[in-house]
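Data block for coords_34.cif (mmCIF, C-alpha atoms):
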data_query
loop_
_atom_site.group_PDB
_atom_site.id
_atom_site.type_symbol
_atom_site.label_atom_id
_atom_site.label_comp_id
_atom_site.auth_asym_id
_atom_site.auth_seq_id
_atom_site.Cartn_x
_atom_site.Cartn_y
_atom_site.Cartn_z
ATOM 1 C CA MET A 1 -140.619 -209.636 -139.025
ATOM 2 C CA PHE A 2 -137.252 -208.834 -137.489
ATOM 3 C CA ILE A 3 -134.956 -206.420 -139.345
ATOM 4 C CA LEU A 4 -131.334 -205.926 -138.379
ATOM 5 C CA GLY A 5 -129.071 -203.165 -139.664
ATOM 6 C CA LEU A 6 -125.393 -203.949 -140.000
ATOM 7 C CA THR A 7 -122.987 -201.006 -139.942
ATOM 8 C CA GLY A 8 -119.331 -200.421 -139.272
ATOM 9 C CA GLY A 9 -116.131 -198.961 -140.605
ATOM 10 C CA VAL A 10 -113.802 -200.376 -143.222
ATOM 11 C CA GLY A 11 -112.403 -203.728 -142.119
ATOM 12 C CA SER A 12 -114.861 -204.131 -139.243
ATOM 13 C CA GLY A 13 -116.259 -207.447 -140.469
ATOM 14 C CA LYS A 14 -119.529 -206.401 -142.130
ATOM 15 C CA THR A 15 -118.978 -208.726 -145.076
ATOM 16 C CA ALA A 16 -118.081 -211.646 -142.820
ATOM 17 C CA ALA A 17 -121.201 -211.035 -140.763
ATOM 18 C CA SER A 18 -123.494 -210.712 -143.789
ATOM 19 C CA ASN A 19 -121.961 -213.862 -145.315
ATOM 20 C CA PHE A 20 -122.695 -215.671 -142.050
ATOM 21 C CA PHE A 21 -126.337 -214.559 -142.186
ATOM 22 C CA GLU A 22 -126.664 -215.607 -145.839
ATOM 23 C CA ASP A 23 -125.164 -219.010 -145.024
ATOM 24 C CA LYS A 24 -127.936 -219.419 -142.431
ATOM 25 C CA GLY A 25 -130.597 -218.647 -145.070
ATOM 26 C CA ILE A 26 -131.249 -215.121 -143.855
ATOM 27 C CA VAL A 27 -132.045 -212.567 -146.552
ATOM 28 C CA VAL A 28 -129.363 -209.880 -146.763
ATOM 29 C CA VAL A 29 -129.837 -206.572 -148.560
ATOM 30 C CA ASP A 30 -126.425 -205.014 -149.143
ATOM 31 C CA ALA A 31 -126.680 -201.253 -149.673
ATOM 32 C CA ASP A 32 -123.296 -201.216 -151.438
ATOM 33 C CA VAL A 33 -124.604 -203.692 -154.022
ATOM 34 C CA VAL A 34 -127.869 -201.787 -154.460
ATOM 35 C CA ALA A 35 -125.964 -198.494 -154.850
ATOM 36 C CA ARG A 36 -124.061 -199.975 -157.782
ATOM 37 C CA GLU A 37 -127.126 -201.579 -159.362
ATOM 38 C CA VAL A 38 -129.094 -198.314 -159.554
ATOM 39 C CA VAL A 39 -126.367 -196.668 -161.669
ATOM 40 C CA GLU A 40 -125.559 -199.527 -164.048
ATOM 41 C CA PRO A 41 -125.524 -198.678 -167.775
ATOM 42 C CA GLY A 42 -129.051 -198.461 -169.111
ATOM 43 C CA THR A 43 -130.696 -197.638 -165.778
ATOM 44 C CA ASP A 44 -132.900 -194.630 -165.149
ATOM 45 C CA GLY A 45 -130.594 -193.621 -162.300
ATOM 46 C CA LEU A 46 -127.577 -193.370 -164.586
ATOM 47 C CA ARG A 47 -129.598 -191.520 -167.232
ATOM 48 C CA GLN A 48 -130.681 -188.931 -164.657
ATOM 49 C CA ILE A 49 -127.109 -188.535 -163.415
ATOM 50 C CA ILE A 50 -125.887 -187.956 -166.980
ATOM 51 C CA ASP A 51 -128.733 -185.496 -167.616
ATOM 52 C CA HIS A 52 -127.726 -183.459 -164.591
ATOM 53 C CA PHE A 53 -123.957 -183.844 -164.333
ATOM 54 C CA GLY A 54 -123.036 -184.415 -167.986
ATOM 55 C CA SER A 55 -121.459 -187.242 -169.929
ATOM 56 C CA GLU A 56 -117.952 -186.424 -168.681
ATOM 57 C CA ILE A 57 -118.682 -188.566 -165.627
ATOM 58 C CA ILE A 58 -119.119 -191.644 -167.843
ATOM 59 C CA LEU A 59 -116.253 -194.023 -168.624
ATOM 60 C CA PRO A 60 -115.558 -195.224 -172.178
ATOM 61 C CA ASP A 61 -117.362 -198.514 -171.425
ATOM 62 C CA GLY A 62 -120.543 -196.603 -170.529
ATOM 63 C CA SER A 63 -120.291 -197.111 -166.777
ATOM 64 C CA LEU A 64 -120.280 -194.405 -164.152
ATOM 65 C CA ASP A 65 -116.908 -192.838 -163.336
ATOM 66 C CA ARG A 66 -117.481 -193.046 -159.619
ATOM 67 C CA ALA A 67 -114.197 -191.309 -158.770
ATOM 68 C CA SER A 68 -115.058 -188.266 -160.908
ATOM 69 C CA LEU A 69 -118.562 -188.069 -159.515
ATOM 70 C CA ARG A 70 -117.241 -188.455 -155.966
ATOM 71 C CA THR A 71 -114.811 -185.547 -156.477
ATOM 72 C CA LEU A 72 -117.585 -183.405 -157.926
ATOM 73 C CA ILE A 73 -120.141 -183.997 -155.217
ATOM 74 C CA PHE A 74 -117.765 -183.640 -152.291
ATOM 75 C CA ASN A 75 -116.552 -180.290 -153.600
ATOM 76 C CA HIS A 76 -120.093 -178.979 -154.186
ATOM 77 C CA PRO A 77 -122.691 -179.642 -151.455
ATOM 78 C CA ALA A 78 -125.579 -178.718 -153.785
ATOM 79 C CA SER A 79 -124.374 -181.363 -156.240
ATOM 80 C CA LYS A 80 -124.340 -183.935 -153.465
ATOM 81 C CA GLN A 81 -127.925 -183.050 -152.582
ATOM 82 C CA LYS A 82 -128.957 -183.383 -156.229
ATOM 83 C CA LEU A 83 -127.307 -186.804 -156.523
ATOM 84 C CA GLU A 84 -129.065 -187.947 -153.350
ATOM 85 C CA SER A 85 -132.411 -186.737 -154.735
ATOM 86 C CA ILE A 86 -131.808 -188.809 -157.873
ATOM 87 C CA LEU A 87 -130.728 -191.983 -156.089
ATOM 88 C CA HIS A 88 -132.961 -191.734 -153.003
ATOM 89 C CA PRO A 89 -136.221 -190.161 -154.172
#
Just dump the structure as structure tokens.
Amino acid sequence: MFILGLTGGVGSGKTAASNFFEDKGIVVVDADVVAREVVEPGTDGLRQIIDHFGSEIILPDGSLDRASLRTLIFNHPASKQKLESILHP
């Protein structure tokens, strides 16, 4: 099996490249998509985040307030480590 990692900065063409691979029938695992799926309402990941960080990081529709969580974790390195331990056990 051949595995290829696709990285790059904003606007570098990652989406265009992954779309090209998908069009050729190649399986693409998009880490951005997976990162959103693991914190969808009702998931264990979101429940653990709420248990640790509190319900103030939840939007009225029950989804994760990513901006609030981002501010919190980038201002507190220990919080970032905790979030990583929840999402990447």
**Asked** What is the atom CA of Ile73 of chain A to atom CA of Gly45 of chain A distance in Å?
**Response**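 Pair atom CA of Ile73 of chain A / atom CA of Gly45 of chain A returns 15.9 Å.
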**Request:** Name the residues captured by the PyMOL selection byres ((chain A and resi 83) around 10) when it is applied to the shown file; answer as a list in words.
**Result:** Gly45, Gln48, Ile49, His52, Phe53, Leu69, Ile73, Pro77, Ala78, Ser79, Lys80, Gln81, Lys82, Glu84, Ser85, Ile86, Leu87, His88 and Pro89 of chain A
**Request:** Tell me, in Å to one decimal, how far atom CA of Gly8 of chain A is from atom CA of Ala35 of chain A.
**Result:**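 Answer for the atom CA of Gly8 of chain A to atom CA of Ala35 of chain A separation: 17.0 Å.
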**Asked** Interatomic distance between atom CA of Thr43 of chain A and atom CA of Pro60 of chain A?
**Response**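 Computed distance, atom CA of Thr43 of chain A to atom CA of Pro60 of chain A, equals 16.6 Å.
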**Asked** So, counting all atoms listed in the file, which residue among A:Lys24, A:Pro41, A:Gly13, A:Phe74 is closest to Leu59 of chain A?
**Response**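 Looking only at the distances to Leu59 of chain A, the closest residue turns out to be A:Pro41.
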**Asked** Smallest atom-to-atom distance to Val38 of chain A: which of A:Asn19, A:Ser55, A:Leu64, A:Val10, using only C-alpha atoms?
**Response**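 Closest candidate: A:Leu64.
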**Message:** I need the residue nearest Ala31 of chain A from this list: A:Ala16, A:Arg47, A:Leu6, A:Gly54. Use only C-alpha atoms for the distance.
**Reply:** A:Leu6
**Request:** Take the PyMOL selection byres ((chain A and resi 3) around 12), apply it to the structure above, and return the hits as number ranges by chain.
**Result:** A: 1-2, 4-6, 26-29
Pull C-alpha atoms from the residues just selected and write them as a short mmCIF file (atom, residue, chain, number, x, y, z; two decimals), in the coordinates of the input.
data_model
loop_
_atom_site.label_atom_id
_atom_site.label_comp_id
_atom_site.auth_asym_id
_atom_site.auth_seq_id
_atom_site.Cartn_x
_atom_site.Cartn_y
_atom_site.Cartn_z
CA MET A 1 -140.62 -209.64 -139.02
CA PHE A 2 -137.25 -208.83 -137.49
CA LEU A 4 -131.33 -205.93 -138.38
CA GLY A 5 -129.07 -203.16 -139.66
CA LEU A 6 -125.39 -203.95 -140.00
CA ILE A 26 -131.25 -215.12 -143.85
CA VAL A 27 -132.04 -212.57 -146.55
CA VAL A 28 -129.36 -209.88 -146.76
CA VAL A 29 -129.84 -206.57 -148.56
#
**Asked** Which is closest to Ser68 of chain A among A:Asp30, A:Glu56, A:Ser12, A:Arg36, if we use only C-alpha atoms?
**Response**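 Closest residue, counting only C-alpha atoms: A:Glu56.
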As AutoDock Vina command-line options, please report the centre and edge lengths, rounded to one decimal in Å, of the axis-aligned box that holds all listed atoms of segment 2-20 of chain A with 8 Å of padding on each of the six sides.
--center_x -124.8 --center_y -207.3 --center_z -141.4 --size_x 40.8 --size_y 32.7 --size_z 23.8
**Prompt:** Using only C-alpha atoms, which of the listed residues (A:Ile57, A:Val34, A:Asp23, A:Ser18) sits closest to Leu72 of chain A?
**Reply:**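 Checking each candidate against Leu72 of chain A, we get A:Ile57 as the closest.
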Could you add whatever atoms are missing so that segment 42-61 of chain A carries N, CA, C and O atoms, then write the result as a PDB file, keeping the file's coordinate frame?
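The result, stored in out.pdb:
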ATOM      1  N   GLY A  42    -127.689-198.183-168.685  1.00  0.00           N
ATOM      2  CA  GLY A  42    -129.051-198.461-169.111  1.00  0.00           C
ATOM      3  C   GLY A  42    -130.115-198.198-168.063  1.00  0.00           C
ATOM      4  O   GLY A  42    -131.300-198.268-168.364  1.00  0.00           O
ATOM      5  N   THR A  43    -129.706-197.888-166.828  1.00  0.00           N
ATOM      6  CA  THR A  43    -130.696-197.638-165.778  1.00  0.00           C
ATOM      7  C   THR A  43    -131.170-196.194-165.802  1.00  0.00           C
ATOM      8  O   THR A  43    -130.482-195.296-166.292  1.00  0.00           O
ATOM      9  N   ASP A  44    -132.353-195.979-165.256  1.00  0.00           N
ATOM     10  CA  ASP A  44    -132.900-194.630-165.149  1.00  0.00           C
ATOM     11  C   ASP A  44    -132.019-193.768-164.250  1.00  0.00           C
ATOM     12  O   ASP A  44    -131.836-192.576-164.509  1.00  0.00           O
ATOM     13  N   GLY A  45    -131.463-194.376-163.201  1.00  0.00           N
ATOM     14  CA  GLY A  45    -130.594-193.621-162.300  1.00  0.00           C
ATOM     15  C   GLY A  45    -129.392-193.049-163.023  1.00  0.00           C
ATOM     16  O   GLY A  45    -129.055-191.873-162.857  1.00  0.00           O
ATOM     17  N   LEU A  46    -128.738-193.860-163.850  1.00  0.00           N
ATOM     18  CA  LEU A  46    -127.577-193.370-164.586  1.00  0.00           C
ATOM     19  C   LEU A  46    -127.983-192.309-165.602  1.00  0.00           C
ATOM     20  O   LEU A  46    -127.299-191.301-165.755  1.00  0.00           O
ATOM     21  N   ARG A  47    -129.128-192.513-166.264  1.00  0.00           N
ATOM     22  CA  ARG A  47    -129.598-191.520-167.232  1.00  0.00           C
ATOM     23  C   ARG A  47    -129.827-190.167-166.555  1.00  0.00           C
ATOM     24  O   ARG A  47    -129.412-189.131-167.054  1.00  0.00           O
ATOM     25  N   GLN A  48    -130.436-190.177-165.378  1.00  0.00           N
ATOM     26  CA  GLN A  48    -130.681-188.931-164.657  1.00  0.00           C
ATOM     27  C   GLN A  48    -129.373-188.272-164.213  1.00  0.00           C
ATOM     28  O   GLN A  48    -129.255-187.039-164.235  1.00  0.00           O
ATOM     29  N   ILE A  49    -128.410-189.074-163.816  1.00  0.00           N
ATOM     30  CA  ILE A  49    -127.109-188.535-163.415  1.00  0.00           C
ATOM     31  C   ILE A  49    -126.444-187.868-164.616  1.00  0.00           C
ATOM     32  O   ILE A  49    -125.914-186.764-164.510  1.00  0.00           O
ATOM     33  N   ILE A  50    -126.474-188.529-165.770  1.00  0.00           N
ATOM     34  CA  ILE A  50    -125.887-187.956-166.980  1.00  0.00           C
ATOM     35  C   ILE A  50    -126.617-186.675-167.361  1.00  0.00           C
ATOM     36  O   ILE A  50    -125.984-185.670-167.697  1.00  0.00           O
ATOM     37  N   ASP A  51    -127.953-186.691-167.281  1.00  0.00           N
ATOM     38  CA  ASP A  51    -128.733-185.496-167.616  1.00  0.00           C
ATOM     39  C   ASP A  51    -128.341-184.307-166.755  1.00  0.00           C
ATOM     40  O   ASP A  51    -128.293-183.175-167.231  1.00  0.00           O
ATOM     41  N   HIS A  52    -128.051-184.571-165.491  1.00  0.00           N
ATOM     42  CA  HIS A  52    -127.726-183.459-164.591  1.00  0.00           C
ATOM     43  C   HIS A  52    -126.242-183.097-164.584  1.00  0.00           C
ATOM     44  O   HIS A  52    -125.888-181.924-164.628  1.00  0.00           O
ATOM     45  N   PHE A  53    -125.378-184.103-164.519  1.00  0.00           N
ATOM     46  CA  PHE A  53    -123.957-183.844-164.333  1.00  0.00           C
ATOM     47  C   PHE A  53    -123.154-183.856-165.628  1.00  0.00           C
ATOM     48  O   PHE A  53    -121.998-183.439-165.642  1.00  0.00           O
ATOM     49  N   GLY A  54    -123.724-184.385-166.698  1.00  0.00           N
ATOM     50  CA  GLY A  54    -123.036-184.415-167.986  1.00  0.00           C
ATOM     51  C   GLY A  54    -122.343-185.736-168.250  1.00  0.00           C
ATOM     52  O   GLY A  54    -122.083-186.523-167.338  1.00  0.00           O
ATOM     53  N   SER A  55    -122.044-185.960-169.514  1.00  0.00           N
ATOM     54  CA  SER A  55    -121.459-187.242-169.929  1.00  0.00           C
ATOM     55  C   SER A  55    -119.983-187.378-169.564  1.00  0.00           C
ATOM     56  O   SER A  55    -119.421-188.466-169.697  1.00  0.00           O
ATOM     57  N   GLU A  56    -119.366-186.319-169.067  1.00  0.00           N
ATOM     58  CA  GLU A  56    -117.952-186.424-168.681  1.00  0.00           C
ATOM     59  C   GLU A  56    -117.736-187.293-167.453  1.00  0.00           C
ATOM     60  O   GLU A  56    -116.598-187.653-167.141  1.00  0.00           O
ATOM     61  N   ILE A  57    -118.825-187.664-166.779  1.00  0.00           N
ATOM     62  CA  ILE A  57    -118.682-188.566-165.627  1.00  0.00           C
ATOM     63  C   ILE A  57    -118.958-190.020-166.014  1.00  0.00           C
ATOM     64  O   ILE A  57    -119.136-190.866-165.151  1.00  0.00           O
ATOM     65  N   ILE A  58    -118.914-190.288-167.331  1.00  0.00           N
ATOM     66  CA  ILE A  58    -119.119-191.644-167.843  1.00  0.00           C
ATOM     67  C   ILE A  58    -117.806-192.153-168.427  1.00  0.00           C
ATOM     68  O   ILE A  58    -117.122-191.450-169.163  1.00  0.00           O
ATOM     69  N   LEU A  59    -117.465-193.390-168.101  1.00  0.00           N
ATOM     70  CA  LEU A  59    -116.253-194.023-168.624  1.00  0.00           C
ATOM     71  C   LEU A  59    -116.486-194.510-170.057  1.00  0.00           C
ATOM     72  O   LEU A  59    -117.630-194.646-170.482  1.00  0.00           O
ATOM     73  N   PRO A  60    -115.416-194.764-170.788  1.00  0.00           N
ATOM     74  CA  PRO A  60    -115.558-195.224-172.178  1.00  0.00           C
ATOM     75  C   PRO A  60    -116.447-196.462-172.338  1.00  0.00           C
ATOM     76  O   PRO A  60    -117.100-196.628-173.365  1.00  0.00           O
ATOM     77  N   ASP A  61    -116.519-197.319-171.320  1.00  0.00           N
ATOM     78  CA  ASP A  61    -117.362-198.514-171.425  1.00  0.00           C
ATOM     79  C   ASP A  61    -118.832-198.242-171.102  1.00  0.00           C
ATOM     80  O   ASP A  61    -119.656-199.148-171.088  1.00  0.00           O
TER      81      ASP A  61
END
